[in-house]
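Enquirer: One file is attached below, start.cif, containing mmCIF, C-alpha atoms.
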```
data_input
#
loop_
_atom_site.label_atom_id
_atom_site.label_comp_id
_atom_site.auth_asym_id
_atom_site.auth_seq_id
_atom_site.Cartn_x
_atom_site.Cartn_y
_atom_site.Cartn_z
CA MET A 613 180.23 9.23 75.88
CA ARG A 614 179.47 9.48 79.58
CA LEU A 615 180.93 7.72 82.59
CA TYR A 616 179.07 5.29 84.83
CA ALA A 617 180.20 5.95 88.42
CA TYR A 618 180.33 3.04 90.90
CA CYS A 619 182.10 4.37 93.98
CA THR A 620 184.73 6.73 95.28
CA GLY A 621 187.50 6.29 97.82
CA ASP A 622 191.01 7.23 98.86
CA GLU A 623 192.36 3.66 98.84
CA LEU A 624 191.20 2.48 95.41
CA ALA A 625 194.14 0.99 93.45
CA ALA A 626 194.06 0.57 89.66
CA GLU A 627 195.65 -2.89 89.72
CA ALA A 628 192.64 -4.30 91.57
CA PHE A 629 190.42 -3.58 88.56
CA GLU A 630 192.75 -4.25 85.63
CA GLU A 631 190.93 -7.29 84.31
CA ALA A 632 187.44 -6.29 85.42
CA THR A 633 184.58 -4.84 83.40
CA GLY A 634 181.50 -2.93 84.46
CA VAL A 635 177.93 -2.25 83.35
CA GLY A 636 177.70 -2.90 79.61
CA GLY A 637 181.02 -4.75 79.55
CA SER A 638 183.33 -1.70 79.41
CA PRO A 639 186.67 -1.81 81.28
CA LEU A 640 186.84 -0.19 84.70
CA MET A 641 188.95 2.96 85.16
CA LEU A 642 189.88 5.31 87.97
CA VAL A 643 189.36 9.05 87.68
CA ARG A 644 191.66 10.74 90.20
CA ARG A 645 191.12 14.18 91.70
CA GLY A 646 193.05 15.33 94.78
CA ALA A 647 193.02 12.64 97.48
CA LEU A 648 190.15 10.79 95.86
CA ALA A 649 189.60 8.38 93.01
CA VAL A 650 186.26 7.49 91.40
CA LEU A 651 185.76 4.03 89.91
CA VAL A 652 184.01 4.39 86.54
CA SER A 653 183.47 2.76 83.16
CA GLU A 654 182.46 4.30 79.85
CA PHE A 655 178.79 3.95 79.00
CA GLU A 656 177.06 4.44 75.68
CA GLY A 657 173.52 5.75 75.91
CA ASP A 658 171.53 8.34 77.78
CA ALA A 659 170.07 6.10 80.45
CA VAL A 660 170.99 2.87 82.21
CA PRO A 661 168.41 0.13 81.66
CA ALA A 662 167.24 -1.15 85.05
CA THR A 663 167.78 -4.80 84.22
CA ARG A 664 168.77 -7.63 86.53
CA GLU A 665 172.09 -7.90 84.69
CA ASN A 666 172.96 -4.22 85.12
CA VAL A 667 171.98 -4.18 88.78
CA ALA A 668 174.09 -7.30 89.33
CA GLU A 669 177.06 -5.70 87.52
CA HIS A 670 176.81 -2.53 89.61
CA ASN A 671 176.71 -4.65 92.74
CA ARG A 672 179.58 -6.91 91.61
CA VAL A 673 181.91 -3.98 90.86
CA ASN A 674 181.22 -2.38 94.23
CA ALA A 675 181.74 -5.73 95.97
CA LEU A 676 185.13 -5.96 94.22
CA ALA A 677 186.06 -2.53 95.57
CA LEU A 678 184.74 -3.40 99.03
CA ALA A 679 186.94 -6.50 99.15
CA ARG A 680 190.04 -4.27 99.46
CA SER A 681 188.85 -1.09 101.15
CA THR A 682 185.64 0.68 102.10
CA PRO A 683 184.51 3.02 99.31
CA LEU A 684 181.47 5.28 99.18
CA PRO A 685 179.05 3.76 96.66
CA PHE A 686 177.10 5.77 94.11
CA ARG A 687 173.44 5.04 93.51
CA PHE A 688 172.60 2.70 90.63
CA GLY A 689 172.36 4.55 87.31
CA THR A 690 174.79 7.41 88.03
CA LEU A 691 175.84 8.61 84.56
CA VAL A 692 177.95 11.73 84.32
CA GLU A 693 180.20 13.66 81.92
CA GLY A 694 183.90 13.46 82.84
CA ALA A 695 184.20 17.21 83.46
CA ARG A 696 181.07 17.22 85.62
CA LEU A 697 182.41 14.31 87.69
CA GLU A 698 185.70 16.10 88.33
CA ALA A 699 183.85 19.28 89.30
CA TYR A 700 181.66 17.27 91.71
CA VAL A 701 184.67 15.65 93.40
CA ALA A 702 186.53 18.98 93.61
CA LYS A 703 183.55 20.68 95.22
CA GLN A 704 182.67 17.81 97.58
CA GLU A 705 186.20 16.63 98.41
CA ALA A 706 186.17 17.69 102.05
CA SER A 707 182.79 16.11 102.80
CA LEU A 708 183.68 12.93 100.88
CA VAL A 709 186.95 12.57 102.79
CA ALA A 710 185.04 13.06 106.06
CA ALA A 711 182.51 10.41 104.99
CA LEU A 712 185.35 8.00 104.19
CA GLU A 713 186.84 8.53 107.65
CA ARG A 714 183.44 7.75 109.12
CA VAL A 715 183.23 4.34 107.42
CA ARG A 716 186.91 3.37 107.29
CA GLY A 717 187.55 -0.19 108.37
CA CYS A 718 183.84 -0.95 108.40
CA VAL A 719 181.20 -2.62 106.25
CA GLU A 720 177.46 -2.21 106.20
CA MET A 721 175.23 -5.07 107.32
CA GLY A 722 171.47 -5.12 107.03
CA ALA A 723 168.67 -6.65 109.07
CA LYS A 724 165.03 -6.92 108.17
CA VAL A 725 162.34 -7.97 110.61
CA ILE A 726 159.03 -9.29 109.40
CA TRP A 727 155.93 -10.06 111.40
CA ASP A 728 155.20 -13.74 111.15
CA ALA A 729 151.67 -14.83 110.21
CA GLY A 730 149.21 -13.25 112.62
CA GLY A 731 151.92 -11.12 114.16
CA GLN A 732 150.07 -7.95 113.36
CA ALA A 733 147.10 -8.85 115.53
CA ALA A 734 146.69 -6.08 118.05
CA ALA A 735 146.41 -8.17 121.17
CA GLY A 736 144.23 -6.77 123.89
CA VAL A 737 142.10 -4.51 121.71
CA GLU A 738 139.11 -6.85 121.81
CA ASP A 739 139.26 -6.98 125.61
CA ASP A 740 139.37 -3.20 125.76
CA GLU A 741 136.36 -3.12 123.49
CA ARG A 742 134.34 -5.42 125.73
CA GLU A 743 135.21 -3.29 128.73
CA ALA A 744 134.03 -0.25 126.80
CA GLY A 745 130.52 -1.68 126.69
CA GLY A 746 130.31 -3.22 123.26
CA SER A 747 127.30 -5.54 122.94
CA PRO A 748 125.28 -7.10 120.14
CA SER A 749 122.45 -4.68 120.85
CA ALA A 750 124.62 -1.54 120.48
CA GLY A 751 123.25 1.03 118.03
CA ALA A 752 124.87 2.27 114.84
CA GLY A 753 126.53 5.24 116.58
CA THR A 754 128.03 3.05 119.27
CA ALA A 755 129.20 0.56 116.65
CA PHE A 756 130.90 3.36 114.73
CA LEU A 757 132.64 4.68 117.84
CA LEU A 758 133.77 1.18 118.81
CA ALA A 759 135.12 0.58 115.32
CA LYS A 760 137.02 3.87 115.49
CA ARG A 761 138.32 2.98 118.94
CA ARG A 762 139.45 -0.41 117.65
CA GLU A 763 141.30 1.29 114.79
CA VAL A 764 143.08 3.78 117.08
CA LEU A 765 143.96 1.20 119.73
CA GLY A 766 145.11 -1.20 117.05
CA GLU A 767 147.43 1.37 115.55
CA GLU A 768 148.82 2.31 118.95
CA ALA A 769 149.36 -1.33 119.90
CA LEU A 770 151.10 -2.06 116.61
CA ARG A 771 153.29 1.03 116.89
CA SER A 772 154.25 0.06 120.42
CA ARG A 773 155.04 -3.51 119.39
CA ALA A 774 157.06 -2.35 116.38
CA GLU A 775 159.13 -0.01 118.54
CA GLY A 776 159.66 -2.89 120.95
CA VAL A 777 160.99 -5.04 118.13
CA ALA A 778 163.38 -2.29 117.00
CA ALA A 779 164.59 -1.88 120.60
CA ALA A 780 165.15 -5.64 120.92
CA LEU A 781 167.25 -5.64 117.74
CA ALA A 782 169.24 -2.60 118.91
CA SER A 783 169.87 -4.23 122.26
CA ARG A 784 171.01 -7.45 120.60
CA LEU A 785 173.53 -5.56 118.46
CA GLU A 786 174.83 -3.35 121.22
CA GLY A 787 178.62 -3.06 121.19
CA LEU A 788 178.81 -4.38 117.64
CA SER A 789 177.26 -1.60 115.62
CA ARG A 790 179.22 1.63 115.27
CA GLU A 791 176.26 3.44 113.68
CA SER A 792 172.77 2.48 112.66
CA SER A 793 170.02 3.62 110.34
CA VAL A 794 166.66 2.18 111.36
CA GLN A 795 163.22 2.52 109.83
CA VAL A 796 160.26 1.27 111.86
CA ASN A 797 157.00 0.61 110.06
CA SER A 798 154.13 -0.63 112.20
CA LYS A 799 151.61 -0.78 109.36
CA GLY A 800 153.27 -3.18 106.94
CA SER A 801 154.66 -6.68 107.26
CA LEU A 802 158.22 -5.40 107.09
CA VAL A 803 158.31 -3.92 110.56
CA VAL A 804 162.00 -3.00 110.88
CA ARG A 805 164.45 -2.22 108.13
CA ALA A 806 167.85 -1.58 109.65
CA ALA A 807 171.38 -0.96 108.41
CA HIS A 808 174.40 -1.11 110.69
CA LEU A 809 177.98 -0.01 110.27
CA ILE A 810 180.23 -2.65 111.81
CA GLU A 811 183.96 -3.33 111.88
CA ARG A 812 185.32 -5.61 109.19
CA GLY A 813 185.72 -9.19 110.35
CA ARG A 814 182.64 -9.13 112.58
CA GLU A 815 180.10 -9.98 109.87
CA GLU A 816 179.48 -13.53 111.10
CA GLU A 817 179.03 -12.27 114.66
CA TYR A 818 176.39 -9.87 113.32
CA ARG A 819 174.57 -12.66 111.48
CA GLU A 820 174.67 -14.87 114.56
CA ARG A 821 173.26 -12.17 116.81
CA VAL A 822 170.40 -11.56 114.37
CA ARG A 823 169.77 -15.31 114.10
CA ALA A 824 169.77 -15.61 117.89
CA LEU A 825 167.03 -12.99 118.17
CA GLY A 826 165.08 -14.87 115.51
CA ARG A 827 165.32 -18.09 117.54
CA GLU A 828 163.96 -16.34 120.62
CA ARG A 829 161.07 -14.60 118.90
CA GLU A 830 158.66 -16.98 117.22
CA ASP A 831 156.40 -14.09 116.24
CA LEU A 832 159.14 -12.63 114.01
CA ARG A 833 161.22 -13.58 111.03
CA LEU A 834 164.64 -11.99 110.82
CA MET A 835 166.94 -11.76 107.84
CA ALA A 836 170.52 -10.51 107.86
CA SER A 837 172.36 -9.40 104.73
CA GLY A 838 175.79 -8.09 103.82
CA PRO A 839 178.53 -7.14 103.75
CA TRP A 840 177.58 -4.12 101.66
CA PRO A 841 179.46 -0.95 100.81
CA PRO A 842 178.07 1.73 103.14
CA TYR A 843 175.04 2.69 101.04
CA ASN A 844 173.23 3.98 104.12
CA PHE A 845 176.21 5.83 105.59
CA SER A 846 177.66 7.70 102.62
CA GLY A 847 175.78 10.94 103.03
CA PRO A 848 175.79 13.56 105.78
CA ARG A 849 175.00 12.25 109.25
CA SER A 850 171.30 12.49 109.97
CA MET B 547 160.88 -27.60 87.84
CA THR B 548 161.88 -29.45 91.02
CA ASP B 549 161.34 -28.09 94.51
CA ALA B 550 165.11 -27.56 94.86
CA GLU B 551 165.22 -25.51 91.66
CA LEU B 552 162.21 -23.50 92.78
CA ILE B 553 163.86 -22.71 96.12
CA LEU B 554 167.11 -21.77 94.35
CA ASP B 555 165.17 -19.35 92.14
CA GLU B 556 163.52 -17.87 95.21
CA GLU B 557 166.86 -17.48 96.96
CA GLU B 558 168.14 -15.60 93.92
CA GLU B 559 165.01 -13.47 93.97
CA LEU B 560 165.61 -12.70 97.64
CA SER B 561 169.20 -11.73 96.89
CA LEU B 562 168.02 -9.47 94.05
CA LEU B 563 165.46 -7.85 96.36
CA GLU B 564 168.16 -7.10 98.92
CA THR B 565 170.41 -5.67 96.23
CA LEU B 566 167.64 -3.49 94.82
CA ASP B 567 166.82 -2.28 98.29
CA HIS B 568 170.38 -0.97 98.58
CA VAL B 569 171.28 0.28 95.11
CA LEU B 570 168.03 1.90 93.97
CA ASP B 571 167.53 4.49 96.65
CA ARG B 572 170.72 4.63 98.70
CA GLY B 573 174.26 5.82 98.05
CA LEU B 574 175.89 8.97 96.75
CA VAL B 575 174.00 11.05 94.21
CA ILE B 576 175.41 13.66 91.87
CA ALA B 577 172.48 16.06 91.45
CA GLY B 578 170.51 15.27 88.32
CA GLU B 579 172.86 12.52 87.17
CA VAL B 580 170.94 9.36 88.07
CA THR B 581 169.40 8.20 84.83
CA ILE B 582 167.53 4.90 84.79
CA ALA B 583 165.53 3.49 81.91
CA VAL B 584 162.61 1.34 82.98
CA ALA B 585 163.40 -1.55 80.68
CA ASP B 586 162.62 -4.54 82.80
CA ILE B 587 159.07 -4.56 84.11
CA ASP B 588 159.68 -7.60 86.26
CA LEU B 589 162.65 -5.94 87.95
CA ILE B 590 160.73 -2.80 88.68
CA TYR B 591 157.84 -4.87 89.99
CA VAL B 592 160.00 -6.72 92.48
CA GLY B 593 161.79 -3.49 93.37
CA LEU B 594 158.51 -1.83 94.18
CA ASN B 595 157.54 -4.83 96.24
CA VAL B 596 160.64 -4.29 98.34
CA LEU B 597 159.88 -0.64 98.82
CA LEU B 598 156.25 -1.28 99.68
CA GLY B 599 157.14 -4.00 102.13
CA SER B 600 155.56 -6.95 100.36
CA VAL B 601 157.33 -9.89 101.90
CA GLU B 602 155.55 -12.99 100.72
CA THR B 603 158.68 -14.23 98.91
CA VAL B 604 160.82 -13.59 101.97
CA ASN B 605 158.44 -15.50 104.20
CA LYS B 606 158.23 -18.38 101.77
CA VAL B 607 161.99 -18.75 101.41
CA LEU B 608 162.72 -18.39 105.12
CA GLY B 609 159.96 -20.85 105.95
CA GLU B 610 161.39 -23.38 103.52
CA ARG B 611 164.88 -22.92 104.99
CA GLU B 612 163.53 -23.65 108.45
CA ARG B 613 161.71 -26.75 107.24
CA ARG B 614 164.90 -28.02 105.59
CA LEU B 615 166.91 -27.36 108.75
CA GLU B 616 164.35 -29.24 110.83
CA TYR B 617 164.54 -32.13 108.38
CA LEU B 618 168.37 -32.18 108.51
CA ARG B 619 168.33 -32.03 112.30
CA GLY B 620 166.05 -35.06 112.23
CA LEU B 621 168.58 -36.95 110.08
CA ALA B 622 171.57 -36.05 112.27
CA PRO B 623 172.76 -38.64 114.85
CA GLY B 624 170.77 -38.06 117.99
CA GLY B 625 168.63 -35.53 116.18
CA GLY B 626 164.89 -35.32 116.17
CA GLU B 627 164.48 -36.60 119.70
#
```
Show me this structure written as structure tokens.

Expert:
Amino acid sequence: MRLYAYCTGDELAAEAFEEATGVGGSPLMLVRRGALAVLVSEFEGDAVPATRENVAEHNRVNALALARSTPLPFRFGTLVEGARLEAYVAKQEASLVAALERVRGCVEMGAKVIWDAGGQAAAGVEDDEREAGGSPSAGAGTAFLLAKRREVLGEEALRSRAEGVAAALASRLEGLSRESSVQVNSKGSLVVRAAHLIERGREEEYRERVRALGREREDLRLMASGPWPPYNFSGPRS
Amino acid sequence: MTDAELILDEEEELSLLETLDHVLDRGLVIAGEVTIAVADIDLIYVGLNVLLGSVETVNKVLGERERRLEYLRGLAPGGGE
């Protein structure tokens, strides 16, 4: 039988999980090694079915751990033999302890920014095109070059706008976020996907700052989520 | 199904999408020890939608929230003026 690993930390206490169960209904246990403990439950089977129930259980157990301290969460579906888990912790102890120091006293919050309907229109490209000499009588070669120009200018305009949105979000969260992990995508609807490490107790302030940006920008929809265990801040600093 | 039930379902879907976005490709990994069985096609479908940036559900739910807030503001004393 293998162990399903939820999270690891140096402040996990067994009494917090005495009555709780994990994925598949097995009781939660702590595997201790050095300064660290790993929250696990026994799991029968070779693979974890990716069902709504199992994802919710994984999330619920980590939320339970997060309620008392800030652990480092494992990815969904981490199944490992007991000996292999202890070897992993022994080998990675120093880096795991450093990662815990990095996130101590914090939670992760998330923000997603979506272009509202029509928000992807690359304003100004059509004007540029007219200035470039586009006319109904233009030949096939000219039409091709204009189409190419429209494509390039459109991409540049979108990239510029997307970076502007990310900068606006960063500015809004200045002084609140200890660290951030931001992905900017100018080609899809989901233009910014950001995670921020913030001090515990400031979650509502985070949500309010994100909401405030949403009220100012009618071309965007913003969505805040959290608190989460630091899924985006558990690995080495990038 | 009533509109309220539909919105509740969509809110749950949104919550699931956010959870999937975090737990499926973030967090600590022990090399070679993440083992997932693709048992729930619907779950994988919505998970892929998150990763590919399909946000129709998000837009729909947020839009409905805003409409409800506008409606409630209209009902409040002095609201809707």

Enquirer: Show me, as a VMD selection string, the residues that have an atom within 8 Å of segment 721-724 of chain A when counting all atoms listed in the file, minus same-chain residues fewer than 5 positions from it.

Expert: chain A and resid 802 to 810 815 818 822 834 to 840

Enquirer: I need the chosen residues saved as a PDB file, keeping the file's coordinate frame, with C-alpha atoms.

Expert:
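Result file follows (part_10.pdb):
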```
ATOM      1  CA  LEU A 802     158.220  -5.400 107.090  1.00  0.00           C
ATOM      2  CA  VAL A 803     158.310  -3.920 110.560  1.00  0.00           C
ATOM      3  CA  VAL A 804     162.000  -3.000 110.880  1.00  0.00           C
ATOM      4  CA  ARG A 805     164.450  -2.220 108.130  1.00  0.00           C
ATOM      5  CA  ALA A 806     167.850  -1.580 109.650  1.00  0.00           C
ATOM      6  CA  ALA A 807     171.380  -0.960 108.410  1.00  0.00           C
ATOM      7  CA  HIS A 808     174.400  -1.110 110.690  1.00  0.00           C
ATOM      8  CA  LEU A 809     177.980  -0.010 110.270  1.00  0.00           C
ATOM      9  CA  ILE A 810     180.230  -2.650 111.810  1.00  0.00           C
ATOM     10  CA  GLU A 815     180.100  -9.980 109.870  1.00  0.00           C
ATOM     11  CA  TYR A 818     176.390  -9.870 113.320  1.00  0.00           C
ATOM     12  CA  VAL A 822     170.400 -11.560 114.370  1.00  0.00           C
ATOM     13  CA  LEU A 834     164.640 -11.990 110.820  1.00  0.00           C
ATOM     14  CA  MET A 835     166.940 -11.760 107.840  1.00  0.00           C
ATOM     15  CA  ALA A 836     170.520 -10.510 107.860  1.00  0.00           C
ATOM     16  CA  SER A 837     172.360  -9.400 104.730  1.00  0.00           C
ATOM     17  CA  GLY A 838     175.790  -8.090 103.820  1.00  0.00           C
ATOM     18  CA  PRO A 839     178.530  -7.140 103.750  1.00  0.00           C
ATOM     19  CA  TRP A 840     177.580  -4.120 101.660  1.00  0.00           C
TER      20      TRP A 840
END
```

Enquirer: Would you work out the distance separating atom CA of Glu720 of chain A from atom CA of Thr581 of chain B, expressed in Å to one decimal?

Expert: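 For atom CA of Glu720 of chain A relative to atom CA of Thr581 of chain B, the distance reads 25.1 Å.
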
Enquirer: For this structure, which residues satisfy the selection - the PyMOL selection byres ((chain A) within 10 of (chain B)) - when it is evaluated on the file as given? I want them as an mmCIF file with C-alpha atoms, keeping the file's coordinate frame.

Expert:
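Resulting contents of out39.cif:
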```cif
data_model
loop_
_atom_site.group_PDB
_atom_site.id
_atom_site.type_symbol
_atom_site.label_atom_id
_atom_site.label_comp_id
_atom_site.auth_asym_id
_atom_site.auth_seq_id
_atom_site.Cartn_x
_atom_site.Cartn_y
_atom_site.Cartn_z
ATOM 1 C CA TYR A 616 179.070 5.290 84.830
ATOM 2 C CA ALA A 617 180.200 5.950 88.420
ATOM 3 C CA TYR A 618 180.330 3.040 90.900
ATOM 4 C CA CYS A 619 182.100 4.370 93.980
ATOM 5 C CA THR A 620 184.730 6.730 95.280
ATOM 6 C CA ASP A 658 171.530 8.340 77.780
ATOM 7 C CA ALA A 659 170.070 6.100 80.450
ATOM 8 C CA VAL A 660 170.990 2.870 82.210
ATOM 9 C CA PRO A 661 168.410 0.130 81.660
ATOM 10 C CA ALA A 662 167.240 -1.150 85.050
ATOM 11 C CA THR A 663 167.780 -4.800 84.220
ATOM 12 C CA ARG A 664 168.770 -7.630 86.530
ATOM 13 C CA VAL A 667 171.980 -4.180 88.780
ATOM 14 C CA ALA A 668 174.090 -7.300 89.330
ATOM 15 C CA HIS A 670 176.810 -2.530 89.610
ATOM 16 C CA ASN A 671 176.710 -4.650 92.740
ATOM 17 C CA LEU A 684 181.470 5.280 99.180
ATOM 18 C CA PRO A 685 179.050 3.760 96.660
ATOM 19 C CA PHE A 686 177.100 5.770 94.110
ATOM 20 C CA ARG A 687 173.440 5.040 93.510
ATOM 21 C CA PHE A 688 172.600 2.700 90.630
ATOM 22 C CA GLY A 689 172.360 4.550 87.310
ATOM 23 C CA THR A 690 174.790 7.410 88.030
ATOM 24 C CA LEU A 691 175.840 8.610 84.560
ATOM 25 C CA VAL A 692 177.950 11.730 84.320
ATOM 26 C CA GLU A 693 180.200 13.660 81.920
ATOM 27 C CA ARG A 696 181.070 17.220 85.620
ATOM 28 C CA LEU A 697 182.410 14.310 87.690
ATOM 29 C CA TYR A 700 181.660 17.270 91.710
ATOM 30 C CA VAL A 701 184.670 15.650 93.400
ATOM 31 C CA LEU A 708 183.680 12.930 100.880
ATOM 32 C CA GLY A 722 171.470 -5.120 107.030
ATOM 33 C CA LYS A 724 165.030 -6.920 108.170
ATOM 34 C CA ILE A 726 159.030 -9.290 109.400
ATOM 35 C CA TRP A 727 155.930 -10.060 111.400
ATOM 36 C CA ASP A 728 155.200 -13.740 111.150
ATOM 37 C CA ALA A 729 151.670 -14.830 110.210
ATOM 38 C CA ASN A 797 157.000 0.610 110.060
ATOM 39 C CA LYS A 799 151.610 -0.780 109.360
ATOM 40 C CA GLY A 800 153.270 -3.180 106.940
ATOM 41 C CA SER A 801 154.660 -6.680 107.260
ATOM 42 C CA LEU A 802 158.220 -5.400 107.090
ATOM 43 C CA VAL A 803 158.310 -3.920 110.560
ATOM 44 C CA ARG A 805 164.450 -2.220 108.130
ATOM 45 C CA ALA A 807 171.380 -0.960 108.410
ATOM 46 C CA ARG A 833 161.220 -13.580 111.030
ATOM 47 C CA LEU A 834 164.640 -11.990 110.820
ATOM 48 C CA MET A 835 166.940 -11.760 107.840
ATOM 49 C CA ALA A 836 170.520 -10.510 107.860
ATOM 50 C CA SER A 837 172.360 -9.400 104.730
ATOM 51 C CA GLY A 838 175.790 -8.090 103.820
ATOM 52 C CA TRP A 840 177.580 -4.120 101.660
ATOM 53 C CA PRO A 841 179.460 -0.950 100.810
ATOM 54 C CA PRO A 842 178.070 1.730 103.140
ATOM 55 C CA TYR A 843 175.040 2.690 101.040
ATOM 56 C CA ASN A 844 173.230 3.980 104.120
ATOM 57 C CA PHE A 845 176.210 5.830 105.590
ATOM 58 C CA SER A 846 177.660 7.700 102.620
ATOM 59 C CA GLY A 847 175.780 10.940 103.030
#
```

Enquirer: Write out as an MDAnalysis selection string the residues lying within 9 Å of Gly636 of chain A, counting all atoms listed in the file and excluding same-chain residues fewer than 3 positions away.

Expert: chainID A and resid 633 653:656 666 669

Enquirer: Can you work out the spacing between atom CA of Glu623 of chain A and atom CA of Ala711 of chain A in Å, to one decimal?

Expert: 13.4 Å

Enquirer: Would you mind telling me which residue in A:Ser783, A:Gln704, A:Ser789, A:Thr682 lies nearest to Arg814 of chain A when using all atoms listed in the file?

Expert: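 Using all atoms listed in the file, the shortest distance to Arg814 of chain A belongs to A:Ser789.
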
Enquirer: Record the distance separating atom CA of Ala699 of chain A and atom CA of Ala677 of chain A, expressed in Å with one decimal.

Expert: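 Distance reported for this atom pair: 22.8 Å.
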
Enquirer: Exactly which residues make up the result of the PyMOL selection byres ((chain A and resi 650) around 7) on this file, given as a ChimeraX atom specification?

Expert: /A:617,619-621,642-644,648-649,651-652

Enquirer: With C-alpha atoms retained, could you export that selection as a PDB file, in the coordinates of the input?

Expert:
```pdb
ATOM      1  CA  ALA A 617     180.200   5.950  88.420  1.00  0.00           C
ATOM      2  CA  CYS A 619     182.100   4.370  93.980  1.00  0.00           C
ATOM      3  CA  THR A 620     184.730   6.730  95.280  1.00  0.00           C
ATOM      4  CA  GLY A 621     187.500   6.290  97.820  1.00  0.00           C
ATOM      5  CA  LEU A 642     189.880   5.310  87.970  1.00  0.00           C
ATOM      6  CA  VAL A 643     189.360   9.050  87.680  1.00  0.00           C
ATOM      7  CA  ARG A 644     191.660  10.740  90.200  1.00  0.00           C
ATOM      8  CA  LEU A 648     190.150  10.790  95.860  1.00  0.00           C
ATOM      9  CA  ALA A 649     189.600   8.380  93.010  1.00  0.00           C
ATOM     10  CA  LEU A 651     185.760   4.030  89.910  1.00  0.00           C
ATOM     11  CA  VAL A 652     184.010   4.390  86.540  1.00  0.00           C
TER      12      VAL A 652
END
```
